[in-house]
Amino acid sequence: MQMIIVSGLSGAGKSVALHTLEDEGFFCVDNLPISMLVDLARKMSADTESYDRVAVGIDARGEVDLLDQFESVVTQVRSLGVETQLIFLDAQGETLITRFSETRRKHPLSRHGAPLEAAISTERILLGRLEQIADVGIDTTNLNLHQLREVIRSRVIGLNRQPMNIMLQSFGFKHGQPHGTDFIFDVRCLPNPYWSANLRPMTGRDSPVAAFLEQHNRVELMVDHISHFFLEWAPIFEAENRSYLTVSIGCTGGRHRSVYVVEAVNKRVNTKVDNITVKHREID
């Protein structure tokens with residue numbers, strides 16, 4: 001039996017994730033008390049014909065005192081022979097505030113008139129350990145409902161499929177570092193096309209920007225080193241049964257240098273490393 005545990009911050013998309021899993025044939029249970037997880041796994045693993053794939057939503061709404069024991073609970077579930085994956089959904093605080101304001105829903109931890117920001121901060125602290133031990137972390141800050149559904153289908157439901165899913169993305173440091181990433185490369189040390197008035201409106205996908213960057217040996221060296229990282233380490237991660245790998249390349253604004261480097265690295269390695277998805281956070 002396969003069990004996917006969906007957790008994360010309120011407003012980060014747990015309901016969307018569970019609905020997506022349900023649409024794909026999972027038996028879903030939302031807001032399950034942690035104390036009931038082992039019993040549920042034991043009962044359903046005894047009837048795998050009916051419950052071969054199960055998804056469970058767990059958050060900070062109840063049994064907060066048991067969150068520290070969550071690792072041992074998951075260990076007990078796995079000891080029953082249940083293939084278990086923990087998915088953690090996160091989003092930046094400002095995005096969560098905007099989502100609660102738009103839906104006019106009350107945060108589950110907004111008790112006794114506590115302000116929304118305080119409730120979000122408290123929840124982030126309570127769920128901190130779950131985020132650390134999660135098998136997959138997904139930052140939904142820049143994802144709409146449809147994009148999140150696609151991420152769940154490709155990165156969660158496909159976790160046990162080969163080859164390993166690799167996300168290669170560009171971003172801008174001034175817009176915040178991406179969550180749920182395994183490796184971050186900083187290319188702000190490279191010459192910046194932004195300071196050219198002609199190149200500023202363009203992106204790293206445009207040939208004039210590429211021509212500007214290709215004039216500099218440092219750019220070529222950076223692309224060489226990151227490409228070598230992929231070719232050297234991606235097979236090793238895959239051999240260790242890693243099902244996903246997210247590599248983020250950042251410059252200041254996320255429109256020129258990081259975009260170019262992502263495209264250049266992808267061009268070099270995609271014939272040797274399978275299943276790479278390219279994403280440009282600031283321009284897509």
# chains A, B, ... in the order shown; residues from 1 in each chain; ligands from 1
>>> residues_around(residues="range 227-232 of chain A", least_positions_apart="4", cutoff="7 Å", atoms="only C-alpha atoms", output="VMD selection string")
chain A and resid 223 265 268 to 269 273
>>> write_last_selection(atoms="C-alpha atoms", output="short mmCIF file (atom, residue, chain, number, x, y, z; two decimals), in the first residue's frame")
data_model
loop_
_atom_site.label_atom_id
_atom_site.label_comp_id
_atom_site.auth_asym_id
_atom_site.auth_seq_id
_atom_site.Cartn_x
_atom_site.Cartn_y
_atom_site.Cartn_z
CA VAL A 223 28.12 26.99 -17.22
CA VAL A 265 23.18 24.16 -18.80
CA ARG A 268 24.52 20.77 -22.50
CA VAL A 269 23.13 18.09 -20.22
CA VAL A 273 20.48 13.46 -18.05
#
>>> closest_residue(among="A:Asp47, A:Ala41, A:Asp90, A:Val6", to="Val156 in chain A", atoms="only C-alpha atoms")
A:Val6
>>> closest_residue(among="A:Pro193, A:Gly11, A:Gly253, A:Gly180", to="Ala134 in chain A", atoms="only C-alpha atoms")
A:Gly180
>>> select_by_dssp(residues="range 196-242 of chain A", states="alpha helix (DSSP H)", output="PyMOL selection string")
chain A and resi 207-214+217-239
>>> write_last_selection(atoms="C-alpha atoms", output="PDB file, in the first residue's frame")
ATOM      1  CA  SER A 207      20.142  36.068 -28.634  1.00  0.00           C
ATOM      2  CA  PRO A 208      21.586  39.589 -28.006  1.00  0.00           C
ATOM      3  CA  VAL A 209      21.734  38.862 -24.263  1.00  0.00           C
ATOM      4  CA  ALA A 210      23.284  35.465 -24.950  1.00  0.00           C
ATOM      5  CA  ALA A 211      25.864  37.057 -27.267  1.00  0.00           C
ATOM      6  CA  PHE A 212      26.773  39.595 -24.572  1.00  0.00           C
ATOM      7  CA  LEU A 213      27.278  36.904 -21.929  1.00  0.00           C
ATOM      8  CA  GLU A 214      29.161  34.542 -24.214  1.00  0.00           C
ATOM      9  CA  ASN A 217      35.081  33.595 -19.994  1.00  0.00           C
ATOM     10  CA  ARG A 218      33.587  33.636 -16.502  1.00  0.00           C
ATOM     11  CA  VAL A 219      30.157  32.893 -17.923  1.00  0.00           C
ATOM     12  CA  GLU A 220      31.466  29.924 -19.877  1.00  0.00           C
ATOM     13  CA  LEU A 221      33.297  28.673 -16.791  1.00  0.00           C
ATOM     14  CA  MET A 222      30.146  28.935 -14.671  1.00  0.00           C
ATOM     15  CA  VAL A 223      28.117  26.990 -17.219  1.00  0.00           C
ATOM     16  CA  ASP A 224      30.880  24.357 -17.393  1.00  0.00           C
ATOM     17  CA  HIS A 225      30.965  23.872 -13.627  1.00  0.00           C
ATOM     18  CA  ILE A 226      27.197  23.624 -13.143  1.00  0.00           C
ATOM     19  CA  SER A 227      26.900  21.270 -16.125  1.00  0.00           C
ATOM     20  CA  HIS A 228      29.647  19.102 -14.635  1.00  0.00           C
ATOM     21  CA  PHE A 229      27.742  19.050 -11.339  1.00  0.00           C
ATOM     22  CA  PHE A 230      24.694  17.658 -13.134  1.00  0.00           C
ATOM     23  CA  LEU A 231      26.601  15.035 -15.086  1.00  0.00           C
ATOM     24  CA  GLU A 232      28.578  13.928 -12.033  1.00  0.00           C
ATOM     25  CA  TRP A 233      25.929  13.932  -9.312  1.00  0.00           C
ATOM     26  CA  ALA A 234      22.515  13.373 -10.914  1.00  0.00           C
ATOM     27  CA  PRO A 235      23.213   9.647 -11.533  1.00  0.00           C
ATOM     28  CA  ILE A 236      24.446   9.271  -7.957  1.00  0.00           C
ATOM     29  CA  PHE A 237      21.309  10.860  -6.497  1.00  0.00           C
ATOM     30  CA  GLU A 238      19.184   8.652  -8.709  1.00  0.00           C
ATOM     31  CA  ALA A 239      21.080   5.544  -7.616  1.00  0.00           C
TER      32      ALA A 239
END
>>> select_by_dssp(residues="range 16-209 of chain A", states="strand (DSSP E)", output="count of residues only")
32
>>> closest_residue(among="A:Asn142, A:Gly176, A:Val56, A:Asn165", to="Asp284 in chain A", atoms="only C-alpha atoms")
A:Asn142
